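See below for target-v1.pdb, which holds PDB, C-alpha atoms, pLDDT in the B column.
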```pdb
ATOM      1  CA  MET A 198      80.959  70.160  41.855  1.00 43.00           C
ATOM      2  CA  ALA A 199      83.198  68.784  44.617  1.00 46.00           C
ATOM      3  CA  GLU A 200      84.263  65.941  42.316  1.00 47.00           C
ATOM      4  CA  ASN A 201      85.677  68.453  39.844  1.00 45.00           C
ATOM      5  CA  VAL A 202      87.903  69.973  42.533  1.00 46.00           C
ATOM      6  CA  VAL A 203      89.210  66.518  43.476  1.00 46.00           C
ATOM      7  CA  ASP A 204      89.739  65.596  39.813  1.00 47.00           C
ATOM      8  CA  ASN A 205      91.612  68.851  39.194  1.00 45.00           C
ATOM      9  CA  TYR A 206      93.783  68.269  42.258  1.00 45.00           C
ATOM     10  CA  ASN A 207      94.605  64.721  41.122  1.00 48.00           C
ATOM     11  CA  LEU A 208      95.316  65.962  37.607  1.00 47.00           C
ATOM     12  CA  GLU A 209      97.698  68.582  38.988  1.00 50.00           C
ATOM     13  CA  GLU A 210      99.402  65.947  41.155  1.00 54.00           C
ATOM     14  CA  ASP A 211      99.758  63.647  38.119  1.00 63.00           C
ATOM     15  CA  THR A 212     101.330  66.354  35.952  1.00 71.00           C
ATOM     16  CA  GLN A 213     103.934  67.031  38.651  1.00 77.00           C
ATOM     17  CA  HIS A 214     104.617  63.402  39.528  1.00 82.00           C
ATOM     18  CA  GLY A 215     108.115  62.367  38.526  1.00 86.00           C
ATOM     19  CA  ARG A 216     109.147  65.956  37.692  1.00 92.00           C
ATOM     20  CA  PHE A 217     112.296  67.260  39.357  1.00 92.00           C
ATOM     21  CA  LEU A 218     114.087  70.592  39.294  1.00 94.00           C
ATOM     22  CA  THR A 219     117.787  69.806  39.036  1.00 93.00           C
ATOM     23  CA  PHE A 220     120.594  72.007  40.286  1.00 94.00           C
ATOM     24  CA  SER A 221     124.308  71.627  40.685  1.00 91.00           C
ATOM     25  CA  LEU A 222     126.726  71.994  43.562  1.00 89.00           C
ATOM     26  CA  GLU A 223     130.240  71.653  42.186  1.00 85.00           C
ATOM     27  CA  GLU A 224     130.135  68.627  39.849  1.00 85.00           C
ATOM     28  CA  GLU A 225     127.160  66.926  41.515  1.00 87.00           C
ATOM     29  CA  VAL A 226     123.610  67.236  40.221  1.00 90.00           C
ATOM     30  CA  PHE A 227     120.750  67.176  42.702  1.00 92.00           C
ATOM     31  CA  GLY A 228     117.027  67.058  42.100  1.00 93.00           C
ATOM     32  CA  ILE A 229     114.045  68.180  44.154  1.00 94.00           C
ATOM     33  CA  GLU A 230     110.430  67.399  43.412  1.00 93.00           C
ATOM     34  CA  ILE A 231     108.913  70.242  41.401  1.00 94.00           C
ATOM     35  CA  LYS A 232     105.787  70.224  43.587  1.00 93.00           C
ATOM     36  CA  TYR A 233     107.806  71.876  46.394  1.00 93.00           C
ATOM     37  CA  VAL A 234     109.260  74.651  44.213  1.00 95.00           C
ATOM     38  CA  THR A 235     107.391  77.951  44.195  1.00 94.00           C
ATOM     39  CA  GLU A 236     109.925  80.038  42.264  1.00 95.00           C
ATOM     40  CA  ILE A 237     113.545  80.601  41.318  1.00 96.00           C
ATOM     41  CA  ILE A 238     115.087  84.019  41.900  1.00 96.00           C
ATOM     42  CA  GLY A 239     118.491  85.579  41.439  1.00 94.00           C
ATOM     43  CA  MET A 240     120.745  86.288  44.386  1.00 94.00           C
ATOM     44  CA  GLN A 241     119.780  89.329  46.387  1.00 92.00           C
ATOM     45  CA  SER A 242     120.726  91.096  49.569  1.00 93.00           C
ATOM     46  CA  ILE A 243     120.397  88.759  52.557  1.00 94.00           C
ATOM     47  CA  THR A 244     119.888  90.153  56.052  1.00 92.00           C
ATOM     48  CA  LYS A 245     122.099  88.208  58.452  1.00 91.00           C
ATOM     49  CA  VAL A 246     120.529  86.842  61.615  1.00 85.00           C
ATOM     50  CA  PRO A 247     122.590  86.107  64.751  1.00 85.00           C
ATOM     51  CA  GLU A 248     122.714  82.757  66.522  1.00 82.00           C
ATOM     52  CA  VAL A 249     121.625  80.465  63.694  1.00 83.00           C
ATOM     53  CA  PRO A 250     123.578  77.587  62.104  1.00 84.00           C
ATOM     54  CA  THR A 251     126.214  78.844  59.652  1.00 88.00           C
ATOM     55  CA  TYR A 252     124.411  77.441  56.618  1.00 89.00           C
ATOM     56  CA  ILE A 253     121.338  79.577  57.384  1.00 89.00           C
ATOM     57  CA  LYS A 254     122.552  82.730  55.659  1.00 92.00           C
ATOM     58  CA  GLY A 255     119.725  84.961  56.914  1.00 91.00           C
ATOM     59  CA  ILE A 256     116.442  86.255  55.570  1.00 91.00           C
ATOM     60  CA  ILE A 257     115.208  88.008  52.457  1.00 94.00           C
ATOM     61  CA  ASN A 258     112.099  90.071  51.803  1.00 92.00           C
ATOM     62  CA  LEU A 259     110.372  88.609  48.774  1.00 92.00           C
ATOM     63  CA  ARG A 260     107.482  90.873  47.771  1.00 90.00           C
ATOM     64  CA  GLY A 261     106.633  91.552  51.402  1.00 90.00           C
ATOM     65  CA  LYS A 262     107.097  87.962  52.589  1.00 89.00           C
ATOM     66  CA  ILE A 263     110.053  87.216  54.864  1.00 88.00           C
ATOM     67  CA  ILE A 264     111.847  84.049  53.758  1.00 91.00           C
ATOM     68  CA  PRO A 265     114.794  82.378  55.520  1.00 90.00           C
ATOM     69  CA  VAL A 266     117.610  81.432  53.163  1.00 93.00           C
ATOM     70  CA  LEU A 267     120.032  78.576  53.570  1.00 92.00           C
ATOM     71  CA  ASP A 268     123.124  77.700  51.591  1.00 93.00           C
ATOM     72  CA  VAL A 269     122.752  74.083  50.461  1.00 91.00           C
ATOM     73  CA  ARG A 270     126.488  73.888  49.748  1.00 91.00           C
ATOM     74  CA  LEU A 271     127.298  74.657  53.403  1.00 90.00           C
ATOM     75  CA  GLN A 272     124.487  72.434  54.685  1.00 87.00           C
ATOM     76  CA  PHE A 273     126.031  69.512  52.780  1.00 86.00           C
ATOM     77  CA  GLY A 274     129.485  70.216  54.261  1.00 86.00           C
ATOM     78  CA  LYS A 275     131.053  71.575  51.078  1.00 89.00           C
ATOM     79  CA  GLU A 276     133.528  74.435  50.919  1.00 91.00           C
ATOM     80  CA  PRO A 277     131.932  77.889  50.681  1.00 91.00           C
ATOM     81  CA  VAL A 278     132.401  79.736  47.395  1.00 91.00           C
ATOM     82  CA  ASP A 279     131.712  83.277  46.285  1.00 93.00           C
ATOM     83  CA  TYR A 280     128.304  83.704  44.722  1.00 93.00           C
ATOM     84  CA  ASN A 281     128.271  84.553  41.025  1.00 93.00           C
ATOM     85  CA  ASP A 282     125.749  85.300  38.268  1.00 93.00           C
ATOM     86  CA  ARG A 283     124.794  81.581  38.061  1.00 93.00           C
ATOM     87  CA  THR A 284     124.060  81.334  41.798  1.00 95.00           C
ATOM     88  CA  CYS A 285     120.362  81.524  42.557  1.00 95.00           C
ATOM     89  CA  ILE A 286     117.766  80.955  45.233  1.00 96.00           C
ATOM     90  CA  VAL A 287     115.201  78.193  44.788  1.00 96.00           C
ATOM     91  CA  VAL A 288     112.178  79.021  46.946  1.00 96.00           C
ATOM     92  CA  ILE A 289     110.423  75.926  48.242  1.00 94.00           C
ATOM     93  CA  ASP A 290     107.552  75.286  50.632  1.00 89.00           C
ATOM     94  CA  ILE A 291     108.140  72.697  53.354  1.00 81.00           C
ATOM     95  CA  GLU A 292     105.450  72.049  55.949  1.00 74.00           C
ATOM     96  CA  ALA A 293     103.805  75.455  55.333  1.00 77.00           C
ATOM     97  CA  VAL A 294     107.165  77.253  55.681  1.00 82.00           C
ATOM     98  CA  SER A 295     108.792  78.958  52.688  1.00 89.00           C
ATOM     99  CA  VAL A 296     112.559  78.536  52.547  1.00 91.00           C
ATOM    100  CA  GLY A 297     115.107  79.762  50.021  1.00 94.00           C
ATOM    101  CA  LEU A 298     117.834  77.347  48.956  1.00 95.00           C
ATOM    102  CA  ILE A 299     121.021  78.912  47.597  1.00 95.00           C
ATOM    103  CA  VAL A 300     122.387  76.668  44.835  1.00 95.00           C
ATOM    104  CA  ASP A 301     125.354  77.051  42.478  1.00 94.00           C
ATOM    105  CA  ASN A 302     123.336  76.705  39.307  1.00 93.00           C
ATOM    106  CA  VAL A 303     119.838  75.613  38.307  1.00 95.00           C
ATOM    107  CA  GLU A 304     120.087  73.010  35.546  1.00 92.00           C
ATOM    108  CA  GLU A 305     116.681  71.934  34.173  1.00 91.00           C
ATOM    109  CA  VAL A 306     113.365  70.289  34.942  1.00 91.00           C
ATOM    110  CA  LEU A 307     113.520  66.554  34.301  1.00 90.00           C
ATOM    111  CA  THR A 308     110.900  63.854  34.239  1.00 90.00           C
ATOM    112  CA  ILE A 309     112.218  60.738  35.942  1.00 89.00           C
ATOM    113  CA  ASP A 310     109.978  57.689  35.862  1.00 89.00           C
ATOM    114  CA  ASP A 311     109.522  55.768  39.096  1.00 88.00           C
ATOM    115  CA  ASP A 312     111.346  52.766  37.620  1.00 87.00           C
ATOM    116  CA  GLU A 313     114.357  55.015  36.931  1.00 90.00           C
ATOM    117  CA  ILE A 314     114.682  55.925  40.623  1.00 89.00           C
ATOM    118  CA  ALA A 315     116.748  53.652  42.835  1.00 88.00           C
ATOM    119  CA  PRO A 316     116.409  53.798  46.610  1.00 85.00           C
ATOM    120  CA  PRO A 317     119.252  55.522  48.454  1.00 80.00           C
ATOM    121  CA  PRO A 318     122.000  53.251  49.785  1.00 73.00           C
ATOM    122  CA  SER A 319     121.016  51.693  53.091  1.00 68.00           C
ATOM    123  CA  ASN A 320     122.706  52.701  56.305  1.00 58.00           C
ATOM    124  CA  LYS A 321     124.224  49.193  56.412  1.00 51.00           C
ATOM    125  CA  THR A 322     126.682  50.340  53.745  1.00 47.00           C
ATOM    126  CA  GLY A 323     127.957  53.069  56.057  1.00 46.00           C
ATOM    127  CA  PHE A 324     126.528  55.625  53.648  1.00 48.00           C
ATOM    128  CA  GLU A 325     123.537  57.165  55.297  1.00 51.00           C
ATOM    129  CA  ASN A 326     122.251  60.487  54.145  1.00 70.00           C
ATOM    130  CA  ARG A 327     119.066  61.862  55.648  1.00 74.00           C
ATOM    131  CA  PHE A 328     118.648  64.253  52.708  1.00 81.00           C
ATOM    132  CA  MET A 329     118.413  61.619  49.985  1.00 84.00           C
ATOM    133  CA  LYS A 330     115.118  60.276  48.701  1.00 87.00           C
ATOM    134  CA  GLY A 331     116.664  58.251  45.901  1.00 89.00           C
ATOM    135  CA  ILE A 332     119.019  58.175  42.960  1.00 89.00           C
ATOM    136  CA  GLY A 333     117.539  59.119  39.610  1.00 90.00           C
ATOM    137  CA  LYS A 334     118.830  58.091  36.205  1.00 86.00           C
ATOM    138  CA  ALA A 335     117.794  60.337  33.340  1.00 81.00           C
ATOM    139  CA  GLY A 336     119.495  61.707  30.265  1.00 74.00           C
ATOM    140  CA  GLY A 337     122.478  59.424  30.789  1.00 78.00           C
ATOM    141  CA  LYS A 338     123.283  61.141  34.093  1.00 81.00           C
ATOM    142  CA  VAL A 339     122.762  60.309  37.734  1.00 83.00           C
ATOM    143  CA  GLN A 340     120.895  62.780  39.926  1.00 86.00           C
ATOM    144  CA  LEU A 341     120.830  62.648  43.716  1.00 88.00           C
ATOM    145  CA  LEU A 342     117.169  63.200  44.532  1.00 91.00           C
ATOM    146  CA  LEU A 343     116.610  65.110  47.750  1.00 89.00           C
ATOM    147  CA  ASP A 344     113.761  64.685  50.187  1.00 87.00           C
ATOM    148  CA  CYS A 345     112.529  68.256  50.738  1.00 84.00           C
ATOM    149  CA  GLU A 346     110.691  67.216  53.887  1.00 79.00           C
ATOM    150  CA  ARG A 347     114.013  66.094  55.393  1.00 78.00           C
ATOM    151  CA  LEU A 348     116.168  69.013  54.248  1.00 77.00           C
ATOM    152  CA  LEU A 349     115.407  70.641  57.558  1.00 72.00           C
ATOM    153  CA  LYS A 350     115.233  68.908  60.914  1.00 66.00           C
ATOM    154  CA  ASN A 351     112.313  69.789  63.180  1.00 62.00           C
ATOM    155  CA  GLU A 352     114.534  71.927  65.408  1.00 64.00           C
ATOM    156  CA  GLU A 353     115.789  73.842  62.346  1.00 66.00           C
ATOM    157  CA  ILE A 354     112.199  74.500  61.267  1.00 64.00           C
ATOM    158  CA  GLU A 355     111.548  75.791  64.796  1.00 69.00           C
ATOM    159  CA  VAL A 356     114.561  78.148  64.536  1.00 69.00           C
ATOM    160  CA  ILE A 357     113.225  79.423  61.195  1.00 68.00           C
ATOM    161  CA  GLU A 358     109.716  79.897  62.570  1.00 68.00           C
ATOM    162  CA  GLU A 359     111.167  81.878  65.489  1.00 70.00           C
ATOM    163  CA  LEU A 360     113.088  84.040  63.005  1.00 64.00           C
ATOM    164  CA  LEU A 361     109.868  84.767  61.148  1.00 63.00           C
ATOM    165  CA  GLU A 362     107.998  85.631  64.352  1.00 67.00           C
ATOM    166  CA  GLU A 363     110.666  88.182  65.324  1.00 60.00           C
ATOM    167  CA  LYS A 364     110.382  90.086  62.041  1.00 52.00           C
TER     168      LYS A 364
END
```

Would it be possible to restate this file's structure as structure tokens?
Amino acid sequence: MAENVVDNYNLEEDTQHGRFLTFSLEEEVFGIEIKYVTEIIGMQSITKVPEVPTYIKGIINLRGKIIPVLDVRLQFGKEPVDYNDRTCIVVIDIEAVSVGLIVDNVEEVLTIDDDEIAPPPSNKTGFENRFMKGIGKAGGKVQLLLDCERLLKNEEIEVIEELLEEK
């Protein structure tokens, strides 16, 4: 019986391996591993919270669960833009914390084979980016693959956990 559970878990892992949800910010396409994504929702009313970094836009109530929301565009140092009908929130789970990522536009789910993923440039090149897991090549395009576990620093996760405790 226990073997079945393990087999099912491994099967689920295998079906998600190499699958990325891609989204755009301006002209750049980013990808995050599908295993972190719990759902994609349209923009909704965000309750602002004082004394948090500017890219943490606040919190939303998603079916009774309070979820902090951050604007990936601002987190990556891009200019803020008005949200439109293409803007959406990608809800991901990182280290048992649900977080909403505001992105300009969700593109598609891609399968990128391991041999189609190049490591990120080394910090010796002067290009160091803690968010990047690798560079994917699929469909004739390049996708910057993000490391969900590094999207938030430990102190940012602590700020978010404190937000959730207050609510």

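When all atoms listed in the file are used to compute distances to Ile237 in chain A, the closest of the residues A:Ile286, A:Leu298, A:Ala315, A:Leu348 turns out to be A:Ile286.
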
- Message: Which polymer residues, whether protein, DNA or RNA, lie within 9 Å of the coordinate (111.9, 63.7, 39.1) when you count only C-alpha atoms? List them as number ranges by chain, using the chain letters and numbers from the file.
- Response: A: 213-219, 228-231, 306-311, 314, 333, 335, 342

- Message: Suppose a student applies the PyMOL selection byres ((chain A and resi 239-250) around 10) to this structure; what residues should they get, written as number ranges by chain?
- Response: A: 237-238, 251-259, 264-267, 271-272, 280-287, 299-300, 353, 356-357, 360

Prev. selection, C-alpha atoms, output as an mmCIF file, in the frame of the given file:
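Written output follows (again25.cif):
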```
data_model
loop_
_atom_site.group_PDB
_atom_site.id
_atom_site.type_symbol
_atom_site.label_atom_id
_atom_site.label_comp_id
_atom_site.auth_asym_id
_atom_site.auth_seq_id
_atom_site.Cartn_x
_atom_site.Cartn_y
_atom_site.Cartn_z
ATOM 1 C CA ILE A 237 113.545 80.601 41.318
ATOM 2 C CA ILE A 238 115.087 84.019 41.900
ATOM 3 C CA THR A 251 126.214 78.844 59.652
ATOM 4 C CA TYR A 252 124.411 77.441 56.618
ATOM 5 C CA ILE A 253 121.338 79.577 57.384
ATOM 6 C CA LYS A 254 122.552 82.730 55.659
ATOM 7 C CA GLY A 255 119.725 84.961 56.914
ATOM 8 C CA ILE A 256 116.442 86.255 55.570
ATOM 9 C CA ILE A 257 115.208 88.008 52.457
ATOM 10 C CA ASN A 258 112.099 90.071 51.803
ATOM 11 C CA LEU A 259 110.372 88.609 48.774
ATOM 12 C CA ILE A 264 111.847 84.049 53.758
ATOM 13 C CA PRO A 265 114.794 82.378 55.520
ATOM 14 C CA VAL A 266 117.610 81.432 53.163
ATOM 15 C CA LEU A 267 120.032 78.576 53.570
ATOM 16 C CA LEU A 271 127.298 74.657 53.403
ATOM 17 C CA GLN A 272 124.487 72.434 54.685
ATOM 18 C CA TYR A 280 128.304 83.704 44.722
ATOM 19 C CA ASN A 281 128.271 84.553 41.025
ATOM 20 C CA ASP A 282 125.749 85.300 38.268
ATOM 21 C CA ARG A 283 124.794 81.581 38.061
ATOM 22 C CA THR A 284 124.060 81.334 41.798
ATOM 23 C CA CYS A 285 120.362 81.524 42.557
ATOM 24 C CA ILE A 286 117.766 80.955 45.233
ATOM 25 C CA VAL A 287 115.201 78.193 44.788
ATOM 26 C CA ILE A 299 121.021 78.912 47.597
ATOM 27 C CA VAL A 300 122.387 76.668 44.835
ATOM 28 C CA GLU A 353 115.789 73.842 62.346
ATOM 29 C CA VAL A 356 114.561 78.148 64.536
ATOM 30 C CA ILE A 357 113.225 79.423 61.195
ATOM 31 C CA LEU A 360 113.088 84.040 63.005
#
```

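When CA of Ile332 in chain A is paired with CA of Pro316 in chain A, their separation reads 6.3 Å.
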
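Ranking A:Ile291, A:Val269, A:Val278, A:Val339 by their shortest atom-to-atom distance to Lys232 in chain A, with all atoms listed in the file included, puts A:Ile291 first.
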
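Across A:Gly331, A:Gly274, A:Glu236, A:Val303, the tightest approach to Val288 in chain A is made by A:Glu236 when counting only C-alpha atoms.
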
Filtering to C-alpha atoms, could range 255-298 of chain A of the supplied structure be written out as an mmCIF file, in the first residue's frame?
```cif
data_model
loop_
_atom_site.group_PDB
_atom_site.id
_atom_site.type_symbol
_atom_site.label_atom_id
_atom_site.label_comp_id
_atom_site.auth_asym_id
_atom_site.auth_seq_id
_atom_site.Cartn_x
_atom_site.Cartn_y
_atom_site.Cartn_z
ATOM 1 C CA GLY A 255 -0.615 44.139 0.290
ATOM 2 C CA ILE A 256 -2.885 41.194 0.953
ATOM 3 C CA ILE A 257 -5.918 39.605 -0.648
ATOM 4 C CA ASN A 258 -8.575 37.296 0.752
ATOM 5 C CA LEU A 259 -8.765 34.268 -1.504
ATOM 6 C CA ARG A 260 -11.704 32.098 -0.437
ATOM 7 C CA GLY A 261 -11.017 32.805 3.223
ATOM 8 C CA LYS A 262 -7.230 32.468 2.980
ATOM 9 C CA ILE A 263 -5.140 35.616 3.413
ATOM 10 C CA ILE A 264 -2.416 35.808 0.763
ATOM 11 C CA PRO A 265 0.301 38.476 0.492
ATOM 12 C CA VAL A 266 0.703 39.858 -3.017
ATOM 13 C CA LEU A 267 3.857 41.220 -4.561
ATOM 14 C CA ASP A 268 4.393 42.996 -7.847
ATOM 15 C CA VAL A 269 7.137 41.121 -9.707
ATOM 16 C CA ARG A 270 7.676 44.116 -11.996
ATOM 17 C CA LEU A 271 8.580 46.326 -9.011
ATOM 18 C CA GLN A 272 10.606 43.565 -7.348
ATOM 19 C CA PHE A 273 12.746 43.343 -10.497
ATOM 20 C CA GLY A 274 13.300 47.125 -10.533
ATOM 21 C CA LYS A 275 11.080 47.861 -13.527
ATOM 22 C CA GLU A 276 8.870 50.912 -13.902
ATOM 23 C CA PRO A 277 5.387 50.529 -12.399
ATOM 24 C CA VAL A 278 2.497 50.415 -14.860
ATOM 25 C CA ASP A 279 -1.254 50.563 -14.468
ATOM 26 C CA TYR A 280 -2.852 47.155 -14.192
ATOM 27 C CA ASN A 281 -5.096 46.138 -17.077
ATOM 28 C CA ASP A 282 -7.303 43.208 -18.108
ATOM 29 C CA ARG A 283 -4.201 41.101 -18.957
ATOM 30 C CA THR A 284 -2.618 41.648 -15.528
ATOM 31 C CA CYS A 285 -3.127 38.700 -13.218
ATOM 32 C CA ILE A 286 -1.999 37.137 -9.977
ATOM 33 C CA VAL A 287 -0.133 33.833 -10.048
ATOM 34 C CA VAL A 288 -0.543 32.164 -6.653
ATOM 35 C CA ILE A 289 2.457 30.062 -5.692
ATOM 36 C CA ASP A 290 3.488 28.135 -2.596
ATOM 37 C CA ILE A 291 7.005 28.753 -1.292
ATOM 38 C CA GLU A 292 8.156 27.053 1.899
ATOM 39 C CA ALA A 293 4.557 26.482 3.087
ATOM 40 C CA VAL A 294 3.659 30.146 2.448
ATOM 41 C CA SER A 295 1.213 31.110 -0.310
ATOM 42 C CA VAL A 296 2.190 34.255 -2.192
ATOM 43 C CA GLY A 297 0.522 36.038 -5.092
ATOM 44 C CA LEU A 298 2.745 37.309 -7.893
#
```
